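To start, the structure itself, in structure tokens.
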Amino acid sequence: MAEPSILVSTSPGERRAALWRDGRLEAAFIERPAHPDGVGDLHLCRITARVPALSGVFVALEGGESGFLPDAQGGERVSEGDMLPLRVTRAAQGGKGPRLSATGIPADLPRSGPLRLLQRGPDAALRLAAAHPAAALATDSPAEAARLRAVLDPARVRLLSRPAFDEAVEAEFDLLASPEVPLPGGGRLLVHPTPALTALDVDTGAAAGRDSGAHRAVNAAALAEAARQIRLRHLAGPILLDLAGGTAKSRAVLLPALKSAAGADPLLRVVGLTGLGLMEMVRTRIHPPLHEVLGFPPHPLTLGLAALRRAAREAASRPGAALALRAHPRVIGALRGEPGALEAFATAAAHPISLHPEPALLPGDEVVEEVRPHAK
């Protein structure tokens, strides 16, 4: 198997990282610099309360945020009022603060003073580089190349004169934002995240009228793709997979194949079959699922940043062109409220983009166009 490559695509307000091997996406991350998920960050914290029912303690972080330190991660050795440095091991979720740990903390970190962030954790590109030390990195941003070379072996980092994501990679990322994933044999996998769990449903589609062998083939393909999509999308918590047709007994026969497919993901565990014949899994949460980052359906900010990405590429291909973005007012408002995004575009393009809110345009119908000067 060939060594993978790490692709880093930057655009105003967003950084995307991909692990790409033999024409296939193996890992995907979408980060918003203005909204880091905090995983890996080191904080100076204060213990605020012990919670025996949860086997841990609550801690106060800078800015009034609260986190949780399990007893198994060092919480059993602390008392209320103690100050200590802690590392974020799990991103905040649904109003709950981040999960923290006291293990593996450098001894020279401060243990007194105001609550504060001591050090940011590594971003996705650096995490991928550490996990795959033989992989080369390629980026389309001079600033990103300089940042990575300052931390990694400079020989590993290549600056591209073209976008880091070609059409194939972009298509894979578009698919990760979609609720539908096509399957070999004409079927599809439907992804339905909810606050309580994620439901995956197999639709045989064109294979429905074929023989039973084709039907089984779609289900078999769905098992492998379900495990892959769970990993790529960073799905977490309870996950239920509903195969197409078949009895509970026939579905149970497929459990070993699902466990084999899930073996590539150390965070994913196959629990078994429910009474209704649904395949039950659970995955440990570390980073937020992509549907939380992007929105499901996509947030106005997601739509705005995608339009800004298209505009940035247009500006790079036509230096000096004055560009405008026409979009629904919620999309324009989200861009105006996103710290640094419009400023980053203006810096790269040498001039700002003009924004035109138009209520008649639905979210998703954003238009990037050149502004031509009026004739005198």
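For the structure tokens, the naming scheme is as follows: chains receive sequential letters (A, B, ...) according to their order of presentation, residues are indexed from 1 within each chain, and ligands are indexed from 1 in presentation order.
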
Can I get the residues of stretch 91-172 of chain A within 10 Å of stretch 267-286 of chain A, each with the closest pair of atoms and their distance in Å to one decimal, using only C-alpha atoms, sorted chain first then ascending number, as JSON lines?
```
{"residue": "A:Ala91", "atom": "CA", "partner": "A:Ile286", "partner_atom": "CA", "distance": 5.9}
{"residue": "A:Ala92", "atom": "CA", "partner": "A:Ile286", "partner_atom": "CA", "distance": 9.0}
{"residue": "A:Gln93", "atom": "CA", "partner": "A:Arg285", "partner_atom": "CA", "distance": 9.2}
{"residue": "A:Pro98", "atom": "CA", "partner": "A:Ile286", "partner_atom": "CA", "distance": 9.6}
{"residue": "A:Arg99", "atom": "CA", "partner": "A:Ile286", "partner_atom": "CA", "distance": 9.0}
```

Assign secondary structure with DSSP using the backbone only, and return the residues of stretch 187-240 of chain A in strand (DSSP E) as a VMD selection string.
chain A and resid 188 to 193 198 to 203 237 to 240

For A:Ala196, which residue out of A:Pro238, A:Gly121, A:Pro363, A:Pro182 is the nearest one, using only C-alpha atoms?
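Closest candidate: A:Pro238.
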
Out of A:Glu292, A:Asp203, A:Glu144, A:Asp123, which residue has the shortest atom-to-atom distance to A:His234 when counting only C-alpha atoms?
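Ranking A:Glu292, A:Asp203, A:Glu144, A:Asp123 by distance to A:His234, first place goes to A:Glu292.
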
Stretch 178-335 of chain A: which residues are helix (DSSP H, G or I) by DSSP, as an MDAnalysis selection string?
chainID A and resid 205:209 212:232 248:252 255:262 290:294 300:317 329:335

What is the atom CA of A:Leu361-atom CA of A:Ala307 distance in Å, reported with one decimal?
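Value for the atom CA of A:Leu361-atom CA of A:Ala307 distance: 13.5 Å.
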
Spatial neighbours of A:Arg46, max dist 6 Å, only C-alpha atoms, sep filter under 4 positions, as a PyMOL selection string:
chain A and resi 59-60+81-83

Could those selected residues go to a file with all heavy atoms, as a short mmCIF file (atom, residue, chain, number, x, y, z; two decimals), in the first residue's frame?
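part_24.cif was written with the following content:
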```cif
data_model
loop_
_atom_site.label_atom_id
_atom_site.label_comp_id
_atom_site.auth_asym_id
_atom_site.auth_seq_id
_atom_site.Cartn_x
_atom_site.Cartn_y
_atom_site.Cartn_z
N VAL A 59 -14.66 21.67 36.73
CA VAL A 59 -13.56 22.63 36.80
C VAL A 59 -13.96 23.90 36.06
O VAL A 59 -14.77 23.87 35.14
CB VAL A 59 -12.26 22.06 36.19
CG1 VAL A 59 -11.87 20.78 36.88
CG2 VAL A 59 -12.42 21.82 34.70
N ALA A 60 -13.40 25.01 36.52
CA ALA A 60 -13.63 26.30 35.88
C ALA A 60 -12.47 26.61 34.95
O ALA A 60 -11.31 26.41 35.30
CB ALA A 60 -13.78 27.40 36.93
N GLY A 81 -11.16 24.01 44.88
CA GLY A 81 -10.28 25.17 45.03
C GLY A 81 -8.89 24.96 44.47
O GLY A 81 -8.15 25.94 44.28
N ASP A 82 -8.49 23.71 44.23
CA ASP A 82 -7.15 23.45 43.68
C ASP A 82 -7.02 24.09 42.30
O ASP A 82 -7.96 24.12 41.50
CB ASP A 82 -6.91 21.94 43.55
CG ASP A 82 -6.64 21.27 44.87
OD1 ASP A 82 -6.51 21.97 45.88
OD2 ASP A 82 -6.56 20.02 44.89
N MET A 83 -5.81 24.58 42.02
CA MET A 83 -5.46 25.09 40.69
C MET A 83 -4.49 24.10 40.05
O MET A 83 -3.53 23.66 40.70
CB MET A 83 -4.78 26.46 40.81
CG MET A 83 -5.63 27.54 41.46
SD MET A 83 -6.89 28.20 40.35
CE MET A 83 -5.88 29.00 39.12
#
```

Contacts of A:Ala264 within 10 Å, only C-alpha atoms, excl. fewer than 3 positions in-chain, as a compact mmCIF listing (two decimals) with C-alpha atoms, in the first residue's frame:
```
# COMPACT_ATOMS: atom_id res chain seq x y z
CA ALA A 227 -17.98 2.11 9.01
CA ARG A 228 -16.04 4.42 6.69
CA ARG A 231 -15.05 7.48 10.82
CA LYS A 259 -17.07 -5.78 13.19
CA SER A 260 -14.33 -6.39 10.64
CA ALA A 261 -15.11 -3.10 8.88
CA LEU A 267 -13.10 4.62 18.64
CA LEU A 268 -15.93 2.51 17.18
```

Looking at A:Gln119, A:Ser101, A:Ser250, A:Ser11, which one is nearest to A:Gly67, with distances taken over only C-alpha atoms?
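For A:Gly67, the nearest of the candidates is A:Ser101.
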
Taking only C-alpha atoms into account, which of A:Glu76, A:Asp108, A:Asp174, A:Asp41 comes nearest A:Pro122?
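Of the candidates, the smallest distance to A:Pro122 is held by A:Asp41.
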
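Counting only C-alpha atoms, A:Arg32 has the following residues at most 9 Å away, ignoring those fewer than 4 positions along the same chain: A:Gly13, A:Glu14, A:Arg15, A:Arg16, A:Pro36, A:Asp37, A:Val293.
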
Would you output that residue set with all heavy atoms, as an mmCIF file, in the first residue's frame?
```cif
data_model
loop_
_atom_site.group_PDB
_atom_site.id
_atom_site.type_symbol
_atom_site.label_atom_id
_atom_site.label_comp_id
_atom_site.auth_asym_id
_atom_site.auth_seq_id
_atom_site.Cartn_x
_atom_site.Cartn_y
_atom_site.Cartn_z
ATOM 1 N N GLY A 13 -11.451 31.989 6.572
ATOM 2 C CA GLY A 13 -12.286 31.498 7.651
ATOM 3 C C GLY A 13 -12.297 30.003 7.842
ATOM 4 O O GLY A 13 -13.009 29.501 8.728
ATOM 5 N N GLU A 14 -11.522 29.251 7.062
ATOM 6 C CA GLU A 14 -11.626 27.795 7.127
ATOM 7 C C GLU A 14 -10.309 27.128 6.734
ATOM 8 O O GLU A 14 -9.575 27.621 5.882
ATOM 9 C CB GLU A 14 -12.741 27.324 6.193
ATOM 10 C CG GLU A 14 -13.292 25.951 6.487
ATOM 11 C CD GLU A 14 -14.605 25.709 5.771
ATOM 12 O OE1 GLU A 14 -14.593 25.628 4.521
ATOM 13 O OE2 GLU A 14 -15.642 25.612 6.440
ATOM 14 N N ARG A 15 -10.040 25.972 7.371
ATOM 15 C CA ARG A 15 -8.909 25.139 6.987
ATOM 16 C C ARG A 15 -9.419 23.697 6.904
ATOM 17 O O ARG A 15 -10.042 23.195 7.833
ATOM 18 C CB ARG A 15 -7.775 25.226 8.016
ATOM 19 C CG ARG A 15 -6.550 24.378 7.646
ATOM 20 C CD ARG A 15 -5.584 24.210 8.802
ATOM 21 N NE ARG A 15 -5.009 25.468 9.229
ATOM 22 C CZ ARG A 15 -5.193 26.009 10.427
ATOM 23 N NH1 ARG A 15 -5.948 25.409 11.308
ATOM 24 N NH2 ARG A 15 -4.631 27.153 10.748
ATOM 25 N N ARG A 16 -9.140 23.035 5.781
ATOM 26 C CA ARG A 16 -9.569 21.649 5.594
ATOM 27 C C ARG A 16 -8.339 20.773 5.398
ATOM 28 O O ARG A 16 -7.404 21.151 4.686
ATOM 29 C CB ARG A 16 -10.506 21.527 4.389
ATOM 30 C CG ARG A 16 -11.771 22.365 4.519
ATOM 31 C CD ARG A 16 -12.647 22.262 3.283
ATOM 32 N NE ARG A 16 -11.973 22.781 2.100
ATOM 33 C CZ ARG A 16 -12.368 22.559 0.848
ATOM 34 N NH1 ARG A 16 -13.436 21.803 0.619
ATOM 35 N NH2 ARG A 16 -11.704 23.075 -0.161
ATOM 36 N N PRO A 36 -12.053 27.109 17.323
ATOM 37 C CA PRO A 36 -11.323 25.844 17.512
ATOM 38 C C PRO A 36 -12.090 24.926 18.447
ATOM 39 O O PRO A 36 -12.763 25.391 19.379
ATOM 40 C CB PRO A 36 -9.992 26.302 18.120
ATOM 41 C CG PRO A 36 -10.297 27.620 18.754
ATOM 42 C CD PRO A 36 -11.334 28.265 17.889
ATOM 43 N N ASP A 37 -11.993 23.606 18.200
ATOM 44 C CA ASP A 37 -12.728 22.681 19.066
ATOM 45 C C ASP A 37 -12.034 22.473 20.403
ATOM 46 O O ASP A 37 -12.619 21.914 21.331
ATOM 47 C CB ASP A 37 -12.988 21.346 18.362
ATOM 48 C CG ASP A 37 -11.724 20.538 18.069
ATOM 49 O OD1 ASP A 37 -10.694 20.743 18.732
ATOM 50 O OD2 ASP A 37 -11.789 19.681 17.168
ATOM 51 N N VAL A 293 -20.155 20.855 12.867
ATOM 52 C CA VAL A 293 -19.337 21.942 12.331
ATOM 53 C C VAL A 293 -20.050 22.630 11.180
ATOM 54 O O VAL A 293 -20.128 23.874 11.119
ATOM 55 C CB VAL A 293 -17.969 21.405 11.862
ATOM 56 C CG1 VAL A 293 -17.133 22.521 11.241
ATOM 57 C CG2 VAL A 293 -17.221 20.751 13.010
#
```

Within 9 Å of A:Gly320, counting only C-alpha atoms, which residues show up once you throw out same-chain ones fewer than 3 positions away? Write them as a ChimeraX atom specification, please.
/A:315-316,349-351

State, in Å with one decimal place, the distance from atom CA of A:Trp20 to atom CA of A:Pro193.
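These atoms are spaced 25.6 Å apart.
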
Find the residue from A:Thr10, A:Ala224, A:Arg313, A:Pro179 that sits nearest to A:Pro256; use only C-alpha atoms when measuring.
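Once distances to A:Pro256 are computed over only C-alpha atoms, the minimum belongs to A:Ala224.
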